[in-house]
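Peer 1: target-v8.tsv (TSV, C-alpha atoms and all ligand atoms) pasted underneath:
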chain	number	residue	atom	x	y	z
A	1	MET	CA	27.13	-197.44	-147.41
A	2	ILE	CA	29.25	-196.56	-150.43
A	3	ASN	CA	28.60	-192.86	-149.86
A	4	THR	CA	30.57	-193.02	-146.63
A	5	MET	CA	33.51	-194.89	-148.16
A	6	SER	CA	36.50	-193.13	-149.69
A	7	ALA	CA	37.44	-193.76	-153.33
A	8	ASP	CA	40.57	-195.54	-152.04
A	9	ASP	CA	38.50	-197.98	-149.98
A	10	ILE	CA	36.04	-198.59	-152.81
A	11	VAL	CA	38.82	-199.31	-155.30
A	12	GLU	CA	40.54	-201.60	-152.82
A	13	GLU	CA	37.34	-203.63	-152.40
A	14	ILE	CA	36.79	-203.80	-156.17
A	15	LEU	CA	40.33	-205.07	-156.71
A	16	LYS	CA	39.72	-207.71	-154.04
A	17	GLY	CA	36.70	-208.93	-155.98
A	18	ASN	CA	33.96	-207.55	-153.73
A	19	ARG	CA	30.88	-207.86	-155.98
A	20	ALA	CA	28.53	-205.83	-153.80
A	21	ILE	CA	30.89	-202.85	-153.82
A	22	LEU	CA	31.50	-203.29	-157.55
A	23	ALA	CA	27.76	-203.11	-158.24
A	24	LYS	CA	27.42	-200.02	-156.04
A	25	ALA	CA	30.39	-198.33	-157.70
A	26	MET	CA	28.72	-198.98	-161.05
A	27	THR	CA	25.62	-197.23	-159.80
A	28	VAL	CA	27.72	-194.24	-158.73
A	29	ILE	CA	29.37	-194.14	-162.18
A	30	GLU	CA	26.00	-194.32	-163.92
A	31	SER	CA	24.38	-191.75	-161.67
A	32	THR	CA	23.27	-188.44	-163.12
A	33	HIS	CA	23.17	-186.84	-159.65
A	34	THR	CA	25.84	-184.18	-159.29
A	35	LYS	CA	26.48	-185.38	-155.74
A	36	HIS	CA	27.96	-188.58	-157.20
A	37	HIS	CA	30.18	-186.95	-159.81
A	38	LYS	CA	33.15	-186.27	-157.55
A	39	LEU	CA	33.31	-189.81	-156.18
A	40	ALA	CA	32.82	-191.29	-159.66
A	41	GLY	CA	35.70	-189.20	-161.00
A	42	GLU	CA	37.96	-190.22	-158.11
A	43	ILE	CA	37.21	-193.92	-158.53
A	44	LEU	CA	37.92	-193.74	-162.25
A	45	ASP	CA	41.18	-191.81	-161.77
A	46	LYS	CA	42.38	-194.49	-159.39
A	47	ILE	CA	41.53	-197.47	-161.55
A	48	MET	CA	42.78	-196.12	-164.90
A	49	PRO	CA	46.44	-197.04	-164.29
A	50	LEU	CA	45.40	-200.55	-163.21
A	51	ILE	CA	43.37	-201.64	-166.21
A	52	GLY	CA	43.97	-203.01	-169.68
A	53	LYS	CA	44.02	-206.75	-169.15
A	54	ALA	CA	40.43	-207.58	-170.08
A	55	LYS	CA	39.34	-208.36	-173.61
A	56	ARG	CA	36.54	-206.00	-174.69
A	57	ILE	CA	34.16	-207.58	-177.15
A	58	GLY	CA	31.04	-206.14	-178.74
A	59	ILE	CA	28.18	-208.36	-179.90
A	60	SER	CA	25.48	-206.74	-181.96
A	61	GLY	CA	22.60	-207.92	-184.08
A	62	ALA	CA	18.88	-207.61	-184.72
A	63	PRO	CA	16.44	-208.56	-181.95
A	64	GLY	CA	16.02	-212.32	-181.96
A	65	ALA	CA	19.32	-213.02	-183.74
A	66	GLY	CA	20.42	-215.00	-180.69
A	67	LYS	CA	22.84	-212.62	-178.96
A	68	SER	CA	21.83	-213.59	-175.43
A	69	THR	CA	21.77	-217.30	-176.24
A	70	LEU	CA	25.23	-217.01	-177.80
A	71	LEU	CA	26.58	-215.10	-174.82
A	72	GLU	CA	25.31	-217.81	-172.53
A	73	ALA	CA	27.06	-220.51	-174.61
A	74	LEU	CA	30.25	-218.51	-175.11
A	75	GLY	CA	30.27	-217.32	-171.51
A	76	MET	CA	29.97	-220.84	-170.12
A	77	TYR	CA	32.67	-222.03	-172.50
A	78	LEU	CA	35.06	-219.35	-171.24
A	79	ILE	CA	34.21	-220.07	-167.62
A	80	SER	CA	34.97	-223.75	-168.23
A	81	LYS	CA	38.43	-222.58	-169.32
A	82	GLY	CA	38.88	-220.80	-166.00
A	83	LEU	CA	38.05	-217.27	-167.15
A	84	LYS	CA	35.81	-214.65	-165.54
A	85	VAL	CA	33.18	-213.18	-167.82
A	86	ALA	CA	31.12	-210.00	-167.65
A	87	VAL	CA	28.24	-208.95	-169.89
A	88	ILE	CA	27.02	-205.37	-170.27
A	89	ALA	CA	23.63	-205.66	-171.96
A	90	ILE	CA	22.52	-202.41	-173.56
A	91	ASP	CA	18.92	-202.22	-174.64
A	92	PRO	CA	17.63	-199.05	-176.26
A	93	SER	CA	14.02	-200.21	-176.10
A	94	SER	CA	13.79	-200.93	-172.42
A	95	ARG	CA	13.53	-199.13	-169.14
A	96	ILE	CA	14.97	-200.61	-165.97
A	97	SER	CA	12.12	-203.05	-165.46
A	98	GLY	CA	11.53	-203.42	-169.21
A	99	GLY	CA	10.62	-206.66	-170.86
A	100	SER	CA	13.65	-207.24	-173.07
A	101	ILE	CA	16.19	-207.36	-170.30
A	102	LEU	CA	14.05	-209.79	-168.36
A	103	ALA	CA	13.88	-211.92	-171.49
A	104	ASP	CA	17.68	-211.75	-171.70
A	105	LYS	CA	17.93	-212.93	-168.15
A	106	THR	CA	15.89	-216.02	-168.91
A	107	ARG	CA	18.28	-216.81	-171.76
A	108	MET	CA	21.34	-216.35	-169.61
A	109	THR	CA	20.22	-218.30	-166.57
A	110	THR	CA	23.28	-220.52	-166.27
A	111	LEU	CA	25.58	-217.56	-166.70
A	112	LEU	CA	23.55	-215.51	-164.21
A	113	GLY	CA	23.94	-218.18	-161.57
A	114	ASP	CA	27.69	-218.61	-162.00
A	115	TYR	CA	30.07	-216.92	-159.60
A	116	ASN	CA	32.53	-216.27	-162.42
A	117	ALA	CA	30.00	-214.28	-164.40
A	118	PHE	CA	28.54	-210.81	-163.93
A	119	ILE	CA	25.68	-209.40	-165.98
A	120	ARG	CA	24.83	-205.73	-165.97
A	121	PRO	CA	21.84	-204.42	-167.90
A	122	VAL	CA	22.19	-200.85	-169.15
A	123	PRO	CA	18.87	-199.31	-170.17
A	124	SER	CA	19.79	-196.68	-172.72
A	125	GLY	CA	16.39	-194.99	-172.94
A	126	GLY	CA	17.23	-193.57	-176.33
A	127	HIS	CA	20.10	-191.32	-175.21
A	128	LEU	CA	22.98	-192.92	-177.02
A	129	GLY	CA	25.69	-190.42	-176.07
A	130	GLY	CA	25.12	-190.89	-172.34
A	131	THR	CA	24.94	-194.64	-172.77
A	132	SER	CA	28.29	-194.91	-174.46
A	133	ARG	CA	29.93	-192.80	-171.74
A	134	ARG	CA	28.48	-195.03	-169.04
A	135	THR	CA	29.36	-198.20	-170.93
A	136	ARG	CA	32.99	-197.09	-171.37
A	137	GLU	CA	33.30	-196.48	-167.66
A	138	LEU	CA	31.57	-199.73	-166.71
A	139	ILE	CA	34.08	-201.56	-168.91
A	140	PHE	CA	36.91	-199.89	-166.97
A	141	LEU	CA	35.41	-200.93	-163.62
A	142	LEU	CA	34.84	-204.53	-164.72
A	143	ASP	CA	38.40	-204.68	-166.02
A	144	ALA	CA	39.73	-203.47	-162.66
A	145	ALA	CA	37.51	-206.02	-160.91
A	146	GLY	CA	39.42	-208.79	-162.66
A	147	PHE	CA	37.06	-209.93	-165.40
A	148	ASP	CA	39.03	-211.48	-168.24
A	149	VAL	CA	36.42	-210.97	-170.92
A	150	ILE	CA	33.86	-208.17	-171.07
A	151	PHE	CA	31.06	-208.48	-173.60
A	152	VAL	CA	28.93	-205.53	-174.63
A	153	GLU	CA	25.62	-206.73	-176.07
A	154	THR	CA	23.63	-204.25	-178.15
A	155	VAL	CA	20.51	-204.51	-180.20
A	156	GLY	CA	21.29	-203.62	-183.76
A	157	VAL	CA	19.63	-200.37	-184.63
A	158	GLY	CA	22.13	-198.89	-187.07
A	159	GLN	CA	24.01	-196.02	-185.51
A	160	SER	CA	24.30	-197.62	-182.07
A	161	GLU	CA	26.35	-200.45	-183.53
A	162	ILE	CA	28.89	-198.06	-184.94
A	163	GLU	CA	29.17	-196.34	-181.56
A	164	VAL	CA	29.63	-199.63	-179.75
A	165	ALA	CA	32.39	-200.63	-182.16
A	166	ASP	CA	34.30	-197.64	-180.74
A	167	LEU	CA	34.02	-198.96	-177.18
A	168	VAL	CA	35.46	-202.41	-177.78
A	169	ASP	CA	38.56	-204.07	-179.21
A	170	PHE	CA	36.70	-206.65	-181.25
A	171	PHE	CA	33.28	-206.22	-182.77
A	172	CYS	CA	31.07	-209.19	-183.74
A	173	LEU	CA	27.97	-208.88	-185.79
A	174	LEU	CA	25.41	-211.62	-185.33
A	175	GLN	CA	23.39	-212.33	-188.47
A	176	LEU	CA	20.63	-214.67	-189.43
A	177	SER	CA	20.86	-216.52	-192.69
A	178	GLY	CA	19.02	-215.65	-195.86
A	179	ALA	CA	16.27	-213.09	-196.33
A	180	GLY	CA	18.60	-210.45	-197.70
A	181	ASP	CA	19.80	-209.76	-194.17
A	182	GLU	CA	23.41	-209.90	-195.26
A	183	LEU	CA	22.83	-207.14	-197.81
A	184	GLN	CA	21.11	-204.95	-195.25
A	185	GLY	CA	24.28	-205.16	-193.20
A	186	ILE	CA	26.29	-203.78	-196.08
A	187	LYS	CA	23.83	-200.96	-196.69
A	188	LYS	CA	23.93	-199.67	-193.17
A	189	GLY	CA	27.73	-199.58	-193.17
A	190	ILE	CA	27.85	-202.05	-190.32
A	191	MET	CA	29.91	-204.68	-192.06
A	192	GLU	CA	32.73	-202.17	-192.31
A	193	VAL	CA	33.10	-202.07	-188.54
A	194	ALA	CA	32.78	-205.83	-187.95
A	195	ASP	CA	35.84	-207.90	-187.13
A	196	LEU	CA	33.76	-211.06	-187.24
A	197	ILE	CA	30.32	-211.88	-188.62
A	198	ILE	CA	28.60	-214.85	-187.02
A	199	ILE	CA	25.69	-216.53	-188.76
A	200	ASN	CA	23.74	-218.06	-185.91
A	201	LYS	CA	21.02	-220.72	-185.94
A	202	CYS	CA	23.07	-222.93	-188.21
A	203	ASP	CA	21.05	-226.00	-187.19
A	204	GLY	CA	18.16	-228.14	-188.43
A	205	ASP	CA	16.56	-227.03	-191.69
A	206	ASN	CA	18.45	-223.79	-191.55
A	207	LYS	CA	21.92	-225.31	-191.83
A	208	ILE	CA	22.37	-225.17	-195.61
A	209	MET	CA	21.04	-221.63	-195.90
A	210	ALA	CA	23.38	-220.54	-193.10
A	211	GLU	CA	26.35	-221.98	-194.95
A	212	ILE	CA	25.33	-220.28	-198.20
A	213	THR	CA	25.03	-216.98	-196.32
A	214	GLN	CA	28.44	-217.54	-194.76
A	215	ASN	CA	30.01	-217.87	-198.22
A	216	MET	CA	28.28	-214.76	-199.52
A	217	LEU	CA	29.45	-212.79	-196.52
A	218	LYS	CA	32.99	-214.09	-196.80
A	219	ASN	CA	33.12	-212.85	-200.38
A	220	ALA	CA	31.65	-209.51	-199.41
A	221	LEU	CA	34.20	-209.11	-196.61
A	222	TYR	CA	37.10	-209.71	-198.98
A	223	ILE	CA	35.88	-206.89	-201.19
A	224	LEU	CA	35.37	-204.36	-198.39
A	225	LYS	CA	38.18	-202.11	-197.29
A	226	PRO	CA	39.51	-203.69	-194.08
A	227	LYS	CA	38.95	-201.85	-190.82
A	228	HIS	CA	42.47	-202.76	-189.66
A	229	SER	CA	45.13	-203.54	-192.24
A	230	GLU	CA	46.40	-206.28	-189.89
A	231	TRP	CA	43.09	-208.14	-189.70
A	232	GLN	CA	40.87	-209.77	-192.31
A	233	ALA	CA	37.30	-209.84	-191.01
A	234	GLN	CA	35.85	-213.34	-190.96
A	235	ALA	CA	32.46	-215.02	-191.29
A	236	LEU	CA	31.61	-218.07	-189.15
A	237	THR	CA	28.49	-220.13	-188.54
A	238	CYS	CA	27.32	-221.39	-185.16
A	239	SER	CA	24.35	-222.77	-183.32
A	240	ALA	CA	24.17	-221.02	-179.99
A	241	LYS	CA	21.23	-223.23	-179.06
A	242	ASP	CA	23.05	-226.52	-179.75
A	243	ASN	CA	26.44	-225.25	-178.60
A	244	ILE	CA	28.07	-225.82	-181.99
A	245	GLY	CA	30.86	-223.63	-183.35
A	246	ILE	CA	31.47	-221.85	-180.05
A	247	GLN	CA	35.10	-222.88	-179.75
A	248	ASN	CA	35.69	-221.79	-183.35
A	249	ILE	CA	34.45	-218.32	-182.49
A	250	TRP	CA	36.78	-218.07	-179.55
A	251	ASP	CA	39.74	-219.32	-181.59
A	252	VAL	CA	39.18	-216.42	-183.99
A	253	VAL	CA	39.00	-213.96	-181.09
A	254	ASP	CA	42.24	-215.38	-179.71
A	255	MET	CA	43.87	-215.05	-183.10
A	256	PHE	CA	42.79	-211.42	-183.31
A	257	TYR	CA	44.35	-210.63	-179.92
A	258	ALA	CA	47.52	-212.55	-180.70
A	259	THR	CA	47.93	-210.51	-183.90
A	260	MET	CA	47.00	-207.13	-182.48
A	261	GLU	CA	48.93	-207.47	-179.24
A	262	SER	CA	52.13	-208.59	-180.88
A	263	ASN	CA	52.38	-205.50	-183.10
A	264	GLY	CA	51.21	-202.95	-180.53
A	265	LYS	CA	48.05	-202.29	-182.49
A	266	LEU	CA	45.68	-203.13	-179.61
A	267	ALA	CA	47.17	-200.44	-177.39
A	268	ALA	CA	46.97	-198.01	-180.29
A	269	ILE	CA	43.28	-198.77	-180.91
A	270	ARG	CA	42.43	-198.21	-177.24
A	271	LYS	CA	44.42	-194.99	-177.06
A	272	GLU	CA	42.70	-193.71	-180.18
A	273	GLN	CA	39.29	-194.54	-178.68
A	274	ASP	CA	40.13	-192.76	-175.40
A	275	ILE	CA	41.47	-189.66	-177.09
A	276	GLY	CA	38.65	-189.65	-179.64
A	277	TRP	CA	36.11	-189.72	-176.84
A	278	PHE	CA	37.92	-187.02	-174.87
A	279	LYS	CA	38.05	-184.71	-177.89
A	280	GLN	CA	34.43	-185.27	-178.81
A	281	GLN	CA	33.26	-184.57	-175.25
A	282	ILE	CA	35.33	-181.40	-174.96
A	283	GLU	CA	34.00	-180.13	-178.26
A	284	GLU	CA	30.42	-180.83	-177.23
A	285	ASN	CA	30.88	-179.17	-173.86
A	286	VAL	CA	32.63	-176.12	-175.26
A	287	ILE	CA	29.99	-175.59	-177.92
A	288	ASN	CA	27.23	-175.92	-175.32
A	289	MET	CA	28.97	-173.49	-172.99
A	290	ILE	CA	29.44	-170.90	-175.71
A	291	TYR	CA	25.93	-171.10	-177.07
A	292	ASN	CA	24.46	-170.96	-173.59
A	293	THR	CA	26.26	-167.74	-172.69
A	294	GLN	CA	23.59	-165.04	-172.76
A	295	ASP	CA	25.52	-162.26	-174.62
A	296	ILE	CA	26.81	-164.65	-177.22
A	297	LYS	CA	23.38	-166.15	-177.71
A	298	GLU	CA	21.93	-162.70	-178.38
A	299	PHE	CA	24.76	-161.57	-180.64
A	300	TYR	CA	24.44	-164.81	-182.59
A	301	SER	CA	20.67	-164.34	-183.04
A	302	ARG	CA	21.07	-160.73	-184.21
A	303	THR	CA	23.76	-161.69	-186.68
A	304	ARG	CA	21.74	-164.61	-187.92
A	305	ALA	CA	18.78	-162.31	-188.56
A	306	ARG	CA	21.02	-160.12	-190.72
A	307	VAL	CA	22.07	-163.16	-192.75
A	308	GLU	CA	18.43	-164.13	-193.17
A	309	SER	CA	17.52	-160.65	-194.39
A	310	ASN	CA	20.51	-160.57	-196.76
A	311	THR	CA	22.03	-157.52	-195.11
A	312	LEU	CA	25.18	-159.39	-194.18
A	313	SER	CA	27.03	-162.06	-196.14
A	314	PRO	CA	27.28	-165.44	-194.39
A	315	ARG	CA	31.03	-165.17	-194.67
A	316	HIS	CA	31.16	-161.79	-192.93
A	317	ALA	CA	28.65	-163.06	-190.35
A	318	VAL	CA	30.90	-165.98	-189.42
A	319	GLU	CA	33.82	-163.60	-188.95
A	320	THR	CA	31.75	-161.20	-186.86
A	321	VAL	CA	30.42	-163.90	-184.52
A	322	SER	CA	33.83	-165.56	-184.22
A	323	GLN	CA	35.47	-162.24	-183.31
A	324	TYR	CA	32.79	-161.57	-180.74
A	325	ILE	CA	33.31	-164.99	-179.15
A	326	ALA	CA	37.09	-164.58	-179.18
A	327	GLN	CA	36.76	-161.20	-177.43
A	328	LYS	CA	34.42	-162.59	-174.82
A	329	LEU	CA	36.74	-165.48	-174.12
A	330	THR	CA	39.86	-163.35	-173.66
A	331	SER	CA	38.15	-160.67	-171.59
A	332	GLU	CA	36.57	-163.17	-169.20
A	333	VAL	CA	39.58	-165.35	-168.54
A	334	PRO	CA	40.95	-164.40	-165.09
A	335	LYS	CA	44.47	-163.01	-165.31
A	401	LIG	N1	17.30	-222.72	-183.82
A	401	LIG	C1	17.99	-221.88	-183.08
A	401	LIG	N2	17.36	-220.94	-182.31
A	401	LIG	C2	18.11	-220.10	-181.59
A	401	LIG	C3	19.53	-220.14	-181.61
A	401	LIG	N3	19.99	-219.14	-180.80
A	401	LIG	C4	18.91	-218.51	-180.31
A	401	LIG	N4	17.78	-219.08	-180.76
A	401	LIG	C5	16.39	-218.70	-180.41
A	401	LIG	O1	16.13	-217.42	-180.95
A	401	LIG	C6	15.32	-216.64	-180.07
A	401	LIG	C7	15.99	-215.32	-179.72
A	401	LIG	O2	17.18	-215.55	-178.98
A	401	LIG	P1	17.87	-214.44	-178.07
A	401	LIG	O3	19.15	-215.03	-177.59
A	401	LIG	O4	16.94	-213.93	-177.05
A	401	LIG	O5	18.14	-213.29	-179.13
A	401	LIG	P2	18.62	-211.78	-178.91
A	401	LIG	O6	17.39	-210.93	-178.99
A	401	LIG	O7	19.53	-211.49	-180.07
A	401	LIG	O8	19.31	-211.67	-177.60
A	401	LIG	C8	15.09	-217.52	-178.85
A	401	LIG	O9	13.85	-218.15	-178.99
A	401	LIG	C9	16.21	-218.54	-178.92
A	401	LIG	O10	15.89	-219.76	-178.31
A	401	LIG	C10	20.15	-221.15	-182.43
A	401	LIG	O11	21.38	-221.26	-182.49
A	401	LIG	N5	19.34	-221.96	-183.13
A	402	MG	MG	19.17	-210.37	-176.00
As structure tokens, what does this structure read like?
Ligand SMILES: Nc1nc2c(ncn2[C@@H]2O[C@H](COP(=O)(O)OP(=O)(O)O)[C@@H](O)[C@H]2O)c(=O)[nH]1
Ligand SMILES: [Mg+2]
Peer 2:
Amino acid sequence: MINTMSADDIVEEILKGNRAILAKAMTVIESTHTKHHKLAGEILDKIMPLIGKAKRIGISGAPGAGKSTLLEALGMYLISKGLKVAVIAIDPSSRISGGSILADKTRMTTLLGDYNAFIRPVPSGGHLGGTSRRTRELIFLLDAAGFDVIFVETVGVGQSEIEVADLVDFFCLLQLSGAGDELQGIKKGIMEVADLIIINKCDGDNKIMAEITQNMLKNALYILKPKHSEWQAQALTCSAKDNIGIQNIWDVVDMFYATMESNGKLAAIRKEQDIGWFKQQIEENVINMIYNTQDIKEFYSRTRARVESNTLSPRHAVETVSQYIAQKLTSEVPK
């Protein structure tokens, strides 16, 4: 049905809160079919001036840390305050029908059944670059659709966390207590991108250890160079299972937004993310285009062979290839 609708009609329905059209528009945005590219681009162009209201929050952590359980608790808390909540659940290990996302769904049953919530699984299938493009655009759509808070849940596998931090305003790292976990975080450079570290499962026998971990992490965060000079990253404990500490978490998020909105920093962060993404994509595309041009490919290989056989200095080789590319570019540009 959506294929016969114009971008104007689709956007109008999304703004009205039509969930079926929203879900279909998401599929168009995610599609790798070239036949969908034009419509996807038109929808995005139309919604860009209308967005910016939603809070974009990343939640990352090792499998089993309790991300889905926390999102259920936090999501229901926000809904009880009259807010609309969306969750984009990225899972690098799963395919569409994969086990992990199904497991997530069983942990977010209340949220799944609530009209004010929307959960969208995004199977990443190992291609991180494509996933972050899709996730960015899904965030834009959900924002236009009137969701007040958009969570992006990712399984912590190092690099993906750093990429997700670039898609959101506020990045939470979910940690378990003890077991040297907190130090692992530091090693991977993940703590540097966290605005908040949450030590979950602070309940039962685990409570004391969770509090000790919280103190260690607090100290570590004070030592680290802050990500934003306006914000000191914090460490909190919670029990997602027992619904303890949830309001505390949201109070910190609120404080972050109050600080960053009042000094214009939030808008600056988002602009920097948009421009950063644009630049990175252009560079990737341009490099691919150049290296896939037959003449250039051959010239490059010949020159490279001369460097390998020591008949041309690397420095001279760079100049030669660059000149060749420059010539090709100017001669092929239509006047
Ligand atoms: N004791 C305790 N268990 C929890 C808590 N939060 C989650 N769990 C359990 O930890 C397991 C993994 O939770 P899940 O939310 O699926 O983790 P995810 O992989 O990070 O999404 C499940 O068995 C949960 O019931 C908590 O606050 N306390
Ligand atoms: Mg999960």
Peer 1: Using Å and a single decimal, report how far CA of Ala165 in chain A sits from CA of Met191 in chain A.
Peer 2: 11.0 Å
Peer 1: Box along x, y and z, 5 Å on every side, all listed atoms of range 19-37 of chain A inside: centre and edge lengths in Å to one decimal, as AutoDock Vina command-line options.
Peer 2:
--center_x 27.3 --center_y -196.0 --center_z -158.9 --size_x 18.3 --size_y 33.7 --size_z 20.1
Peer 1: Using all atoms listed in the file, find each residue with an atom at most 10 Å away from ligand LIG 401 (chain A) and format the answer as a PyMOL selection string.
Peer 2: chain A and resi 59-73+89+91+100-101+103-108+153-156+174-176+199-207+237-245
Peer 1: I'd like to know which of A:Gly113, A:Gly189, A:Pro121, A:Gly17 is closest to ligand MG 402 (chain A), using all atoms listed in the file.
Peer 2: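 Comparing A:Gly113, A:Gly189, A:Pro121, A:Gly17 against ligand MG 402 (chain A), the winner is A:Pro121.
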Peer 1: Which value, in Å to one decimal, gives the distance between CA of Leu312 in chain A and CA of Phe299 in chain A?
Peer 2: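 The value is 13.7 Å.
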Peer 1: Could you jot down the CA of Thr34 in chain A to CA of Gln280 in chain A separation for me, Å, one decimal place?
Peer 2: 21.4 Å
Peer 1: From the options A:Ala267, A:Leu142, A:Ile190, A:Val87, which residue's atoms come nearest to ligand MG 402 (chain A), counting only C-alpha atoms and all ligand atoms?
Peer 2: A:Val87
Peer 1: So that I can check the surroundings of range 252-259 of chain A, please list as JSON, numbers by chain every protein, DNA and RNA residue that reaches within 10 Å of it, counting only C-alpha atoms and ignoring chain neighbours fewer than 2 positions away.
Peer 2: {"A": [55, 57, 169, 170, 171, 172, 195, 196, 230, 231, 232, 233, 234, 236, 247, 248, 249, 250, 261, 262, 263, 264, 265, 266]}
Peer 1: So that I have them on file, write out the residues from the current selection with C-alpha atoms, as a short mmCIF file (atom, residue, chain, number, x, y, z; two decimals), keeping the file's coordinate frame.
Peer 2:
data_model
loop_
_atom_site.label_atom_id
_atom_site.label_comp_id
_atom_site.auth_asym_id
_atom_site.auth_seq_id
_atom_site.Cartn_x
_atom_site.Cartn_y
_atom_site.Cartn_z
CA LYS A 55 39.34 -208.36 -173.61
CA ILE A 57 34.16 -207.58 -177.15
CA ASP A 169 38.56 -204.07 -179.21
CA PHE A 170 36.70 -206.65 -181.25
CA PHE A 171 33.28 -206.22 -182.77
CA CYS A 172 31.07 -209.19 -183.74
CA ASP A 195 35.84 -207.90 -187.13
CA LEU A 196 33.76 -211.06 -187.24
CA GLU A 230 46.40 -206.28 -189.89
CA TRP A 231 43.09 -208.14 -189.70
CA GLN A 232 40.87 -209.77 -192.31
CA ALA A 233 37.30 -209.84 -191.01
CA GLN A 234 35.85 -213.34 -190.96
CA LEU A 236 31.61 -218.07 -189.15
CA GLN A 247 35.10 -222.88 -179.75
CA ASN A 248 35.69 -221.79 -183.35
CA ILE A 249 34.45 -218.32 -182.49
CA TRP A 250 36.78 -218.07 -179.55
CA GLU A 261 48.93 -207.47 -179.24
CA SER A 262 52.13 -208.59 -180.88
CA ASN A 263 52.38 -205.50 -183.10
CA GLY A 264 51.21 -202.95 -180.53
CA LYS A 265 48.05 -202.29 -182.49
CA LEU A 266 45.68 -203.13 -179.61
#
